[in-house]
>>> print(open('protein23.txt').read())   # compact mmCIF, C-alpha atoms
# COMPACT_ATOMS: atom_id res chain seq x y z
CA MET A 1 7.55 38.00 18.77
CA PRO A 2 6.84 36.38 15.38
CA THR A 3 3.37 35.06 14.65
CA VAL A 4 2.62 31.73 12.97
CA LYS A 5 -0.45 31.46 10.77
CA PHE A 6 -1.79 28.27 9.23
CA THR A 7 -3.67 27.25 6.13
CA TYR A 8 -7.30 26.41 6.84
CA ALA A 9 -6.63 22.95 5.38
CA LEU A 10 -4.74 21.92 8.50
CA LYS A 11 -7.77 22.63 10.66
CA ARG A 12 -9.27 19.37 9.45
CA PHE A 13 -6.62 17.52 11.46
CA PHE A 14 -6.08 20.09 14.22
CA PRO A 15 -9.45 21.69 14.91
CA GLY A 16 -8.05 23.99 17.60
CA LEU A 17 -5.42 25.44 15.30
CA GLN A 18 -5.17 29.22 15.37
CA GLN A 19 -2.74 32.06 14.83
CA THR A 20 -0.03 31.45 17.41
CA PRO A 21 2.81 33.65 18.71
CA ALA A 22 6.27 32.05 18.87
CA ARG A 23 9.47 32.75 20.76
CA GLY A 24 11.95 30.77 18.65
CA THR A 25 14.64 32.48 16.64
CA THR A 26 14.90 29.79 13.95
CA LEU A 27 12.20 28.15 11.85
CA SER A 28 13.05 24.77 13.31
CA ALA A 29 12.63 26.11 16.84
CA VAL A 30 9.34 27.74 15.91
CA LEU A 31 8.04 24.50 14.43
CA GLU A 32 9.04 22.65 17.60
CA GLU A 33 6.98 25.15 19.57
CA MET A 34 4.04 24.52 17.28
CA GLU A 35 4.48 20.78 17.82
CA THR A 36 4.21 21.37 21.57
CA ALA A 37 1.10 23.47 21.10
CA TYR A 38 -0.47 21.07 18.58
CA PRO A 39 0.97 17.57 19.09
CA GLY A 40 1.51 15.77 15.78
CA LEU A 41 1.60 18.94 13.67
CA ARG A 42 5.30 18.67 12.90
CA SER A 43 4.85 15.45 10.89
CA TYR A 44 2.28 17.19 8.69
CA VAL A 45 4.71 19.98 7.79
CA LEU A 46 8.09 18.24 7.84
CA ASP A 47 9.13 14.72 6.88
CA GLU A 48 10.97 12.46 9.31
CA GLN A 49 14.35 13.79 8.12
CA GLY A 50 13.30 17.33 9.04
CA GLN A 51 12.80 18.64 5.51
CA LEU A 52 9.79 20.65 4.46
CA ARG A 53 7.27 18.37 2.76
CA LYS A 54 7.28 18.69 -0.98
CA HIS A 55 3.79 20.15 -1.25
CA VAL A 56 3.95 22.41 1.78
CA ASN A 57 5.13 26.01 1.58
CA ILE A 58 6.30 28.38 4.30
CA PHE A 59 6.20 32.11 3.63
CA ILE A 60 7.97 34.65 5.81
CA ASP A 61 6.37 38.08 5.48
CA GLY A 62 5.00 37.09 2.11
CA THR A 63 8.19 35.56 0.69
CA LEU A 64 8.57 31.84 0.10
CA ILE A 65 11.46 30.39 2.09
CA LYS A 66 14.49 29.32 0.08
CA ASP A 67 15.96 26.61 2.29
CA LYS A 68 13.46 23.75 2.47
CA THR A 69 16.08 21.33 3.77
CA LYS A 70 17.62 23.01 6.80
CA LEU A 71 14.99 25.73 7.25
CA SER A 72 17.66 28.40 7.73
CA ASP A 73 15.70 31.37 6.36
CA ALA A 74 15.83 34.30 8.79
CA PHE A 75 12.91 36.33 10.16
CA HIS A 76 12.30 39.26 12.48
CA ASP A 77 10.66 39.71 15.85
CA ASN A 78 7.49 40.95 14.22
CA SER A 79 7.50 38.60 11.23
CA GLU A 80 4.48 36.66 10.10
CA ILE A 81 5.21 33.04 9.24
CA TYR A 82 2.59 31.39 7.05
CA ILE A 83 2.36 27.61 6.73
CA MET A 84 0.48 26.90 3.51
CA GLN A 85 -0.28 23.98 1.24
CA ALA A 86 0.97 24.11 -2.31
CA LEU A 87 -1.72 23.97 -4.95
CA SER A 88 -1.63 20.53 -6.49
CA GLY A 89 -3.63 17.41 -7.06
CA GLY A 90 -7.20 16.86 -8.17
CA MET B 1 -18.22 -15.65 2.63
CA LYS B 2 -17.18 -12.90 4.96
CA SER B 3 -19.79 -10.16 5.12
CA THR B 4 -17.65 -7.01 4.98
CA ILE B 5 -15.59 -5.57 2.16
CA LEU B 6 -13.07 -2.82 2.90
CA LEU B 7 -11.89 -0.58 0.10
CA GLY B 8 -8.91 1.73 -0.01
CA THR B 9 -9.68 4.30 -2.69
CA ARG B 10 -8.28 7.49 -4.12
CA LYS B 11 -10.92 9.44 -2.23
CA GLY B 12 -11.29 7.65 1.04
CA PHE B 13 -11.83 4.49 3.10
CA ILE B 14 -15.10 2.73 2.26
CA ALA B 15 -16.75 -0.24 3.96
CA TYR B 16 -19.51 -2.36 2.46
CA GLU B 17 -21.58 -4.86 4.41
CA HIS B 18 -23.68 -7.70 3.08
CA LYS B 19 -27.16 -7.89 4.54
CA ASN B 20 -30.38 -9.39 3.17
CA GLY B 21 -28.69 -10.22 -0.11
CA GLN B 22 -27.44 -6.66 -0.69
CA TRP B 23 -24.08 -4.95 -0.37
CA ASN B 24 -24.48 -1.50 1.17
CA THR B 25 -21.95 1.08 2.27
CA THR B 26 -21.76 1.35 6.02
CA ASN B 27 -18.72 3.55 6.43
CA LEU B 28 -16.94 6.31 4.57
CA SER B 29 -13.92 7.73 6.37
CA PHE B 30 -11.19 10.18 5.32
CA GLU B 31 -13.31 11.47 2.45
CA GLY B 32 -11.11 12.98 -0.23
CA VAL B 33 -7.89 11.46 1.07
CA PRO B 34 -6.10 8.71 -0.88
CA VAL B 35 -6.10 5.45 1.11
CA SER B 36 -3.35 3.19 -0.19
CA ILE B 37 -4.40 0.23 1.95
CA ALA B 38 -7.58 -0.40 3.93
CA TYR B 39 -6.81 -3.30 6.22
CA ALA B 40 -8.78 -5.27 8.80
CA ASP B 41 -6.73 -7.28 11.29
CA PRO B 42 -8.60 -10.59 11.55
CA ARG B 43 -7.19 -11.26 15.03
CA ASN B 44 -8.99 -8.39 16.75
CA GLY B 45 -11.14 -6.63 14.15
CA THR B 46 -9.09 -3.45 14.21
CA TRP B 47 -9.38 -1.48 10.98
CA TRP B 48 -6.33 0.31 9.61
CA ALA B 49 -6.25 3.14 7.10
CA CYS B 50 -2.95 3.90 5.39
CA LEU B 51 -3.31 7.46 4.14
CA ASP B 52 -1.32 9.12 1.40
CA HIS B 53 -2.04 12.80 1.91
CA GLY B 54 -0.85 14.70 -1.11
CA HIS B 55 0.35 17.57 1.03
CA TRP B 56 0.83 16.31 4.55
CA GLY B 57 2.61 13.01 4.06
CA VAL B 58 1.84 9.41 4.86
CA LYS B 59 -0.35 8.90 7.90
CA LEU B 60 -1.68 5.86 9.72
CA HIS B 61 -5.01 5.62 11.53
CA ARG B 62 -6.78 2.76 13.29
CA SER B 63 -10.31 2.13 14.42
CA LYS B 64 -11.46 -0.33 17.04
CA ASP B 65 -15.16 0.31 16.46
CA ARG B 66 -15.50 -0.44 12.75
CA GLY B 67 -14.81 3.05 11.56
CA LYS B 68 -17.02 5.03 13.93
CA THR B 69 -13.96 6.67 15.47
CA TRP B 70 -10.35 6.71 14.36
CA GLU B 71 -7.11 7.29 16.18
CA GLU B 72 -3.95 8.51 14.46
CA VAL B 73 -0.81 6.57 15.36
CA ALA B 74 2.75 7.34 14.32
CA ALA B 75 3.25 6.17 10.76
CA PRO B 76 6.34 4.12 9.91
CA ALA B 77 9.25 6.58 9.73
CA TYR B 78 12.82 6.10 8.62
CA PRO B 79 15.49 6.76 11.24
CA GLU B 80 17.65 9.85 10.99
CA GLY B 81 20.36 9.40 8.41
CA ALA B 82 18.67 6.55 6.50
CA GLU B 83 19.30 6.91 2.78
CA VAL B 84 17.63 5.44 -0.29
CA LYS B 85 20.90 5.87 -2.08
CA ASP B 86 23.99 7.73 -1.01
CA GLY B 87 22.97 11.35 -0.57
CA THR B 88 19.20 10.75 -0.89
CA PRO B 89 17.43 10.81 2.49
CA ALA B 90 14.83 8.10 3.05
CA THR B 91 11.34 9.14 4.06
CA THR B 92 8.14 7.11 4.03
CA ARG B 93 6.52 7.93 0.69
CA TYR B 94 3.76 5.32 0.71
CA ILE B 95 2.51 2.42 2.81
CA TRP B 96 2.07 -0.30 0.24
CA SER B 97 1.29 -3.37 2.37
CA MET B 98 0.17 -4.37 5.82
CA ALA B 99 -0.04 -7.79 7.47
CA HIS B 100 -0.69 -9.04 10.96
CA GLY B 101 2.08 -11.03 12.63
CA GLY B 102 0.00 -14.09 13.47
CA THR B 103 -1.76 -15.50 16.48
CA GLN B 104 1.45 -16.42 18.28
CA HIS B 105 2.53 -12.78 18.13
CA PRO B 106 -0.72 -10.94 18.90
CA SER B 107 0.95 -7.52 19.10
CA ARG B 108 2.99 -7.84 15.91
CA ILE B 109 2.12 -5.99 12.71
CA TRP B 110 4.18 -5.64 9.53
CA ALA B 111 4.12 -2.74 7.09
CA GLY B 112 5.85 -2.44 3.73
CA THR B 113 6.73 0.94 2.29
CA ASP B 114 8.10 2.86 -0.62
CA PRO B 115 11.12 3.46 -0.67
CA GLY B 116 11.77 -0.18 0.19
CA GLY B 117 11.73 -0.37 3.97
CA LEU B 118 9.92 -3.10 5.88
CA PHE B 119 8.63 -2.02 9.29
CA VAL B 120 7.48 -4.06 12.25
CA SER B 121 5.45 -3.13 15.29
CA GLU B 122 5.55 -5.29 18.40
CA ASP B 123 3.05 -3.14 20.30
CA GLU B 124 -0.16 -3.41 18.26
CA GLY B 125 0.87 -0.62 15.94
CA ASN B 126 1.57 2.06 18.52
CA SER B 127 5.06 2.33 17.04
CA PHE B 128 6.88 0.86 14.06
CA GLN B 129 10.58 0.13 13.66
CA LEU B 130 12.52 -0.25 10.44
CA VAL B 131 13.74 -3.82 9.86
CA GLU B 132 17.39 -2.88 9.56
CA SER B 133 18.59 -6.29 8.37
CA LEU B 134 16.60 -5.93 5.15
CA TRP B 135 17.26 -2.22 4.77
CA ASN B 136 20.99 -2.97 5.05
CA HIS B 137 20.82 -5.93 2.67
CA PRO B 138 23.85 -5.71 0.37
CA THR B 139 21.69 -5.82 -2.76
CA ARG B 140 19.40 -2.92 -1.84
CA LYS B 141 21.18 0.25 -2.90
CA GLU B 142 22.38 -0.97 -6.27
CA GLY B 143 20.15 -3.96 -7.03
CA TRP B 144 16.68 -2.64 -6.21
CA PHE B 145 14.88 -0.02 -8.26
CA GLY B 146 11.47 1.48 -8.88
CA GLY B 147 8.68 -0.40 -10.61
CA GLY B 148 5.14 0.95 -10.53
CA ARG B 149 6.47 3.64 -8.25
CA ASP B 150 9.61 5.73 -8.67
CA LEU B 151 11.50 4.00 -5.88
CA PRO B 152 11.49 0.37 -4.69
CA GLY B 153 8.46 -0.64 -2.66
CA ILE B 154 7.32 -3.61 -0.57
CA HIS B 155 3.79 -4.52 -1.64
CA SER B 156 3.52 -8.11 -0.39
CA ILE B 157 4.02 -9.55 3.09
CA VAL B 158 3.12 -13.24 3.38
CA VAL B 159 3.24 -14.63 6.91
CA ASP B 160 3.30 -18.44 7.17
CA PRO B 161 0.56 -19.48 9.62
CA ARG B 162 2.51 -22.66 10.50
CA ASN B 163 5.51 -20.64 11.66
CA GLU B 164 4.82 -16.95 11.94
CA ASP B 165 8.52 -16.04 11.97
CA HIS B 166 8.63 -17.41 8.43
CA ILE B 167 7.75 -14.67 5.97
CA HIS B 168 8.02 -14.00 2.26
CA ILE B 169 7.94 -10.44 0.99
CA GLY B 170 7.54 -9.10 -2.53
CA ILE B 171 9.42 -6.03 -3.69
CA SER B 172 9.07 -4.08 -6.92
CA CYS B 173 11.66 -4.13 -8.23
CA ALA B 174 13.86 -6.59 -6.40
CA GLY B 175 11.86 -9.80 -6.19
CA VAL B 176 10.95 -12.17 -3.39
CA PHE B 177 12.85 -12.32 -0.10
CA GLU B 178 12.36 -14.87 2.67
CA THR B 179 13.11 -14.83 6.36
CA THR B 180 12.74 -17.75 8.76
CA ASP B 181 13.71 -15.80 11.87
CA ALA B 182 11.18 -12.93 11.89
CA GLY B 183 13.36 -10.65 9.86
CA LYS B 184 16.80 -11.09 11.38
CA THR B 185 18.21 -12.61 8.18
CA TRP B 186 16.99 -12.75 4.59
CA SER B 187 17.40 -14.99 1.56
CA ILE B 188 16.63 -14.02 -2.03
CA ARG B 189 14.03 -16.32 -3.60
CA ASN B 190 14.00 -15.46 -7.30
CA ASN B 191 15.04 -18.81 -8.78
CA GLY B 192 13.06 -19.53 -11.91
CA LEU B 193 11.83 -15.97 -12.45
CA THR B 194 12.48 -14.40 -15.80
CA ALA B 195 12.37 -10.71 -16.69
CA GLU B 196 12.39 -9.23 -20.16
CA PHE B 197 13.60 -5.91 -18.79
CA LEU B 198 16.73 -7.44 -17.22
CA PRO B 199 19.88 -8.75 -18.91
CA ASP B 200 20.07 -12.46 -19.63
CA PRO B 201 20.96 -14.21 -17.41
CA PRO B 202 19.18 -11.94 -14.95
CA PRO B 203 20.91 -10.51 -11.89
CA GLU B 204 20.00 -11.86 -8.48
CA THR B 205 17.58 -9.00 -7.83
CA GLY B 206 15.60 -6.55 -9.94
CA HIS B 207 12.57 -8.74 -10.61
CA ASP B 208 9.10 -7.26 -10.57
CA PRO B 209 6.57 -9.45 -8.76
CA HIS B 210 3.48 -7.26 -8.86
CA ILE B 211 1.97 -9.22 -5.99
CA VAL B 212 2.85 -12.39 -4.07
CA VAL B 213 0.25 -14.46 -2.21
CA ALA B 214 0.16 -17.89 -0.56
CA ALA B 215 -2.50 -20.56 -0.77
CA PRO B 216 -4.31 -20.59 2.58
CA THR B 217 -4.51 -24.40 2.59
CA ASN B 218 -0.85 -24.90 1.72
CA PRO B 219 1.48 -21.96 2.35
CA ASP B 220 4.27 -23.68 0.39
CA TYR B 221 2.20 -22.95 -2.70
CA LEU B 222 2.96 -19.32 -3.49
CA TRP B 223 1.66 -17.48 -6.52
CA GLN B 224 2.78 -14.24 -8.06
CA GLN B 225 1.42 -12.05 -10.78
CA ASN B 226 4.66 -10.74 -12.20
CA HIS B 227 5.39 -8.01 -14.70
CA CYS B 228 6.55 -10.78 -17.01
CA GLY B 229 3.92 -13.44 -16.59
CA ILE B 230 2.45 -15.47 -13.77
CA PHE B 231 4.62 -17.68 -11.60
CA ARG B 232 3.92 -20.35 -9.04
CA THR B 233 5.99 -22.36 -6.63
CA THR B 234 5.03 -25.53 -4.79
CA ASN B 235 8.12 -25.61 -2.59
CA GLY B 236 8.03 -22.37 -0.66
CA ALA B 237 9.69 -20.24 -3.36
CA GLN B 238 12.75 -22.43 -3.73
CA GLU B 239 11.88 -22.56 -7.43
CA TRP B 240 9.32 -20.54 -9.37
CA VAL B 241 7.64 -21.88 -12.52
CA GLN B 242 6.14 -19.68 -15.25
CA ILE B 243 2.45 -20.56 -15.63
CA GLY B 244 1.44 -17.64 -17.83
CA LYS B 245 1.79 -17.89 -21.58
CA LYS B 246 2.73 -14.85 -23.57
CA GLY B 247 0.18 -14.08 -26.25
CA THR B 248 -2.69 -15.51 -24.22
CA THR B 249 -5.05 -13.58 -21.97
CA ALA B 250 -3.60 -14.69 -18.65
CA TYR B 251 -0.12 -13.19 -18.70
CA PHE B 252 0.20 -9.52 -17.74
CA GLY B 253 -1.67 -7.97 -14.84
CA PHE B 254 -1.26 -6.85 -11.27
CA ALA B 255 -3.56 -8.84 -9.02
CA ILE B 256 -3.86 -12.50 -8.06
CA ALA B 257 -6.04 -14.30 -5.51
CA VAL B 258 -5.88 -17.95 -4.43
CA ALA B 259 -8.92 -19.95 -3.36
CA GLU B 260 -9.34 -20.48 0.36
CA ASP B 261 -10.07 -24.18 -0.14
CA ASN B 262 -7.83 -25.20 -3.04
CA PRO B 263 -4.14 -24.41 -3.51
CA ASP B 264 -4.42 -25.04 -7.27
CA GLN B 265 -7.25 -22.58 -7.90
CA ALA B 266 -6.54 -18.90 -8.48
CA TRP B 267 -7.79 -15.78 -10.26
CA VAL B 268 -5.91 -13.10 -12.15
CA ALA B 269 -7.11 -9.84 -13.69
CA PRO B 270 -5.38 -9.55 -17.07
CA ALA B 271 -4.54 -6.24 -18.71
CA THR B 272 -2.71 -5.04 -21.78
CA ALA B 273 0.93 -4.71 -20.80
CA ASP B 274 3.25 -1.72 -20.79
CA GLU B 275 2.04 -0.03 -23.94
CA THR B 276 -1.42 0.95 -22.72
CA ARG B 277 -2.22 -0.51 -19.30
CA THR B 278 -5.90 -0.84 -20.16
CA ALA B 279 -8.45 -3.62 -20.35
CA ILE B 280 -7.60 -6.05 -23.16
CA LYS B 281 -9.40 -4.97 -26.35
CA GLY B 282 -11.74 -2.78 -24.32
CA ALA B 283 -13.22 -5.76 -22.46
CA LEU B 284 -12.93 -6.65 -18.80
CA VAL B 285 -11.98 -10.24 -18.02
CA ILE B 286 -10.97 -12.31 -15.03
CA CYS B 287 -9.19 -15.62 -15.59
CA ARG B 288 -9.41 -18.62 -13.28
CA THR B 289 -7.29 -21.70 -13.17
CA ASP B 290 -8.35 -24.89 -11.38
CA ASP B 291 -5.22 -26.87 -12.17
CA GLY B 292 -2.34 -24.85 -10.83
CA GLY B 293 -2.02 -22.67 -13.91
CA LYS B 294 -1.90 -25.35 -16.61
CA THR B 295 -5.10 -23.95 -18.11
CA TRP B 296 -7.00 -20.69 -17.63
CA LYS B 297 -10.71 -20.10 -18.14
CA GLU B 298 -11.88 -16.61 -19.13
CA GLN B 299 -14.70 -15.33 -16.92
CA ARG B 300 -16.54 -12.47 -18.65
CA ASN B 301 -20.19 -13.11 -17.76
CA GLY B 302 -21.56 -9.86 -16.36
CA LEU B 303 -18.45 -7.79 -17.05
CA PRO B 304 -18.35 -4.94 -19.62
CA GLN B 305 -17.14 -6.21 -22.99
CA GLU B 306 -16.74 -2.96 -24.90
CA ASN B 307 -15.53 0.59 -24.33
CA CYS B 308 -13.89 -0.47 -21.09
CA PHE B 309 -10.61 0.92 -19.77
CA ASP B 310 -10.52 -0.64 -16.32
CA ILE B 311 -7.58 -2.47 -14.89
CA VAL B 312 -7.29 -4.00 -11.44
CA TYR B 313 -4.55 -2.87 -9.09
CA ARG B 314 -2.47 -5.40 -7.18
CA HIS B 315 -4.36 -5.29 -3.89
CA ALA B 316 -7.83 -5.00 -5.38
CA LEU B 317 -8.78 -8.63 -6.11
CA ALA B 318 -9.80 -10.98 -3.29
CA THR B 319 -11.75 -14.12 -2.56
CA SER B 320 -13.71 -15.44 0.40
CA GLY B 321 -15.48 -18.78 0.21
CA ASN B 322 -17.16 -18.92 -3.18
CA ALA B 323 -17.13 -15.14 -3.51
CA VAL B 324 -14.59 -13.26 -5.61
CA ALA B 325 -14.57 -9.47 -5.71
CA PHE B 326 -12.47 -6.84 -7.42
CA GLY B 327 -12.30 -3.09 -7.73
CA THR B 328 -10.95 -1.22 -10.72
CA THR B 329 -9.00 1.88 -11.62
CA THR B 330 -12.15 3.56 -12.89
CA GLY B 331 -14.12 2.91 -9.74
CA ASN B 332 -16.14 -0.15 -10.65
CA LEU B 333 -16.73 -2.77 -7.98
CA PHE B 334 -17.76 -6.27 -9.01
CA ILE B 335 -18.54 -9.44 -7.12
CA SER B 336 -19.19 -13.06 -8.04
CA ASN B 337 -20.85 -15.56 -5.75
CA ASP B 338 -19.87 -18.57 -7.83
CA LYS B 339 -16.12 -18.33 -8.10
CA GLY B 340 -16.22 -15.98 -11.06
CA ASP B 341 -18.69 -17.74 -13.35
CA HIS B 342 -21.12 -14.80 -13.05
CA TRP B 343 -20.38 -11.23 -12.04
CA GLN B 344 -22.57 -8.53 -10.55
CA VAL B 345 -21.95 -4.84 -10.14
CA ILE B 346 -21.89 -3.46 -6.62
CA ASN B 347 -21.09 0.11 -7.67
CA ASN B 348 -20.04 1.84 -10.91
CA TYR B 349 -19.31 5.22 -9.39
CA LEU B 350 -16.56 4.79 -6.87
CA PRO B 351 -13.16 6.50 -6.89
CA MET B 352 -10.15 4.61 -8.23
CA ILE B 353 -9.81 1.50 -6.05
CA TYR B 354 -6.40 0.69 -4.60
CA SER B 355 -7.21 -2.14 -2.21
CA LEU B 356 -10.01 -4.58 -1.43
CA GLN B 357 -10.24 -6.96 1.48
CA PHE B 358 -12.94 -9.30 2.75
CA ALA B 359 -13.35 -9.00 6.50
CA ASP B 360 -15.61 -10.28 9.25
>>> encode(input="protein23.txt", output="structure tokens")
Amino acid sequence: MPTVKFTYALKRFFPGLQQTPARGTTLSAVLEEMETAYPGLRSYVLDEQGQLRKHVNIFIDGTLIKDKTKLSDAFHDNSEIYIMQALSGG
Amino acid sequence: MKSTILLGTRKGFIAYEHKNGQWNTTNLSFEGVPVSIAYADPRNGTWWACLDHGHWGVKLHRSKDRGKTWEEVAAPAYPEGAEVKDGTPATTRYIWSMAHGGTQHPSRIWAGTDPGGLFVSEDEGNSFQLVESLWNHPTRKEGWFGGGRDLPGIHSIVVDPRNEDHIHIGISCAGVFETTDAGKTWSIRNNGLTAEFLPDPPPETGHDPHIVVAAPTNPDYLWQQNHCGIFRTTNGAQEWVQIGKKGTTAYFGFAIAVAEDNPDQAWVAPATADETRTAIKGALVICRTDDGGKTWKEQRNGLPQENCFDIVYRHALATSGNAVAFGTTTGNLFISNDKGDHWQVINNYLPMIYSLQFAD
């Protein structure tokens, strides 16, 4: 069962956010599960057309995903999926 | 004068209240987050914060207790498949304007966005729907383009209090559009506008009204600070007339405010045009006209007159009674209690100010 971990920055908006196991076999399915667990979270990570937001990164086992549009990057049962913010701004 | 000022700034939502002759901050919300528009709905006192999170997207929050608590509501979102241009998906990149729908439509709220979509809520802002008639306007994909922002944006929504289904909107860059049926159909209202960045004669759309406002005492008198001067209409935008004069102080700028009690009196915040976008010759100035733009009086008393880089963004100049207030790009907040003849500093150390509104 993959595990989803979140940047601390999202805790400002979702105080109960914590490392969460997922059942989904695609990134999209996993993010839907996270939306159920933390209502509203999806719109912080994806835009309304389902693409990864420009300044948000997802790493699977330490590697940045390649497909930010359809979220088709594969992962394993024991993968760790990190949702991070890109470093930008000032 | 209304006794509250709301600011949308690069680092949060800030409220000032006037008490015992002093303006003091009474609320700071969303510290660190850019607030594109801070808006108070005069019908019910609800405060709205349009957030532009750098990482997490555009978000919308409202408060019914003057900022003590906030509730996030679904921000305007483009429907699946909506495209800015063929092959470019449309997503809400910025909320650039907000306006209540009037007293006859107590649940209606309008929101204008980059990349060019107008949204309407009919349920007090619990949900917003894209106004498809404007989004599908035949001029949009080819005749609208970015100005100030990379993609087209709706920064002005002017609801006619005599008939609240009658609305003018301002789009950079497209121009002014008018509906008389609450957004079912639209007419282009750019007659009389000129644009140095467009071919001559100019196309029907592509104009850059930086802001469009109506005179409260006569909504047929509309004013716009344009990229290419200052324009006014006295017939509901059927025909615009240039009232700025190139080479004089009152010509380029972003903001304009019209007096609450006089449709011929207005203020602009001039800046040096495209080349630098700074205060003119290092000095901050507001200009007021009392005669519909025939003449402009420079109002500098109390404003910095050297080493100044401030300009005033389009939503950051407002008036209430005899008071006029503006916030600048370098975080200075000024107010005048005598229609601009004398200015006082409220704060020199604020973040960049995007919007300013007087509220109850």
>>> closest_atom_pairs(input="protein23.txt", of="chain B", to="chain A", cutoff="9 Å", atoms="all atoms listed in the file", output="Markdown table")
| residue | atom | partner | partner_atom | distance |
| --- | --- | --- | --- | --- |
| B:Gly54 | CA | A:Gly89 | CA | 7.1 |
| B:His55 | CA | A:His55 | CA | 4.9 |
| B:Trp56 | CA | A:Tyr44 | CA | 4.5 |
| B:Gly57 | CA | A:Tyr44 | CA | 6.2 |
| B:Val58 | CA | A:Tyr44 | CA | 8.7 |
| B:Lys59 | CA | A:Tyr44 | CA | 8.7 |
| B:Ala74 | CA | A:Gly40 | CA | 8.6 |
| B:Ala77 | CA | A:Glu48 | CA | 6.1 |
| B:Tyr78 | CA | A:Glu48 | CA | 6.7 |
| B:Pro79 | CA | A:Glu48 | CA | 7.5 |
| B:Glu80 | CA | A:Gln49 | CA | 5.9 |
| B:Gly81 | CA | A:Gln49 | CA | 7.4 |
| B:Ala82 | CA | A:Gln49 | CA | 8.6 |
| B:Pro89 | CA | A:Gln49 | CA | 7.1 |
| B:Ala90 | CA | A:Gln49 | CA | 7.6 |
| B:Thr91 | CA | A:Glu48 | CA | 6.2 |
| B:Thr92 | CA | A:Glu48 | CA | 8.0 |
>>> axis_aligned_box(input="protein23.txt", around="stretch 71-76 of chain A", padding_each_side="6 Å", output="lines of an AutoDock Vina configuration file")
center_x = 15.0
center_y = 32.5
center_z = 9.4
size_x = 17.4
size_y = 25.5
size_z = 18.1
>>> closest_residue(input="protein23.txt", among="A:Thr3, A:Ser28, A:Thr63, A:Thr20", to="A:Asn78", atoms="all atoms listed in the file")
A:Thr3
>>> atom_distance(input="protein23.txt", atom1="atom CA of B:Gln22", atom2="atom CA of B:Phe358")
15.1 Å
>>> residues_around(input="protein23.txt", residues="stretch 100-116 of chain B", least_positions_apart="2", cutoff="8 Å", atoms="all atoms listed in the file", output="PyMOL selection string")
chain B and resi 41+43+76+84+90-98+118-125+135+149+151-157+159+161+164+171
>>> closest_residue(input="protein23.txt", among="A:Tyr38, A:Lys11, A:Leu27, A:Glu33", to="A:Asp67", atoms="all atoms listed in the file")
A:Leu27
>>> atom_distance(input="protein23.txt", atom1="atom CA of B:Asp274", atom2="atom CA of B:Arg288")
22.4 Å
>>> atom_distance(input="protein23.txt", atom1="atom CA of B:Thr319", atom2="atom CA of B:Leu193")
25.6 Å
>>> residues_around(input="protein23.txt", residues="B:Ser29", least_positions_apart="2", cutoff="10 Å", atoms="all atoms listed in the file", output="MDAnalysis selection string")
chainID B and resid 11:15 27 31:33 35 49 67:70
>>> residues_near_point(input="protein23.txt", point="(20.3, 24.3, 10.7)", cutoff="9 Å", atoms="all atoms listed in the file", output="VMD selection string")
chain A and resid 26 28 69 to 72
>>> residues_around(input="protein23.txt", residues="A:Pro39", least_positions_apart="4", cutoff="9 Å", atoms="all atoms listed in the file", output="ChimeraX atom specification")
/A:14,34-35
>>> closest_residue(input="protein23.txt", among="B:Pro138, B:Gly175, B:Gly321, B:Gly340", to="B:His227", atoms="all atoms listed in the file")
B:Gly175
>>> residues_around(input="protein23.txt", residues="B:His166", least_positions_apart="3", cutoff="7 Å", atoms="only C-alpha atoms", output="ChimeraX atom specification")
/B:159-160,163,179-182
>>> residues_around(input="protein23.txt", residues="B:Ser336", least_positions_apart="2", cutoff="12 Å", atoms="all atoms listed in the file", output="list in words")
Met1, Trp267, Ile286, Gln299, Arg300, Asn301, Gly302, Leu303, Leu317, Ala318, Thr319, Ser320, Gly321, Asn322, Ala323, Val324, Ala325, Phe326, Leu333, Phe334, Asp338, Lys339, Gly340, Asp341, His342, Trp343, Gln344, Val345 and Ile346 of chain B
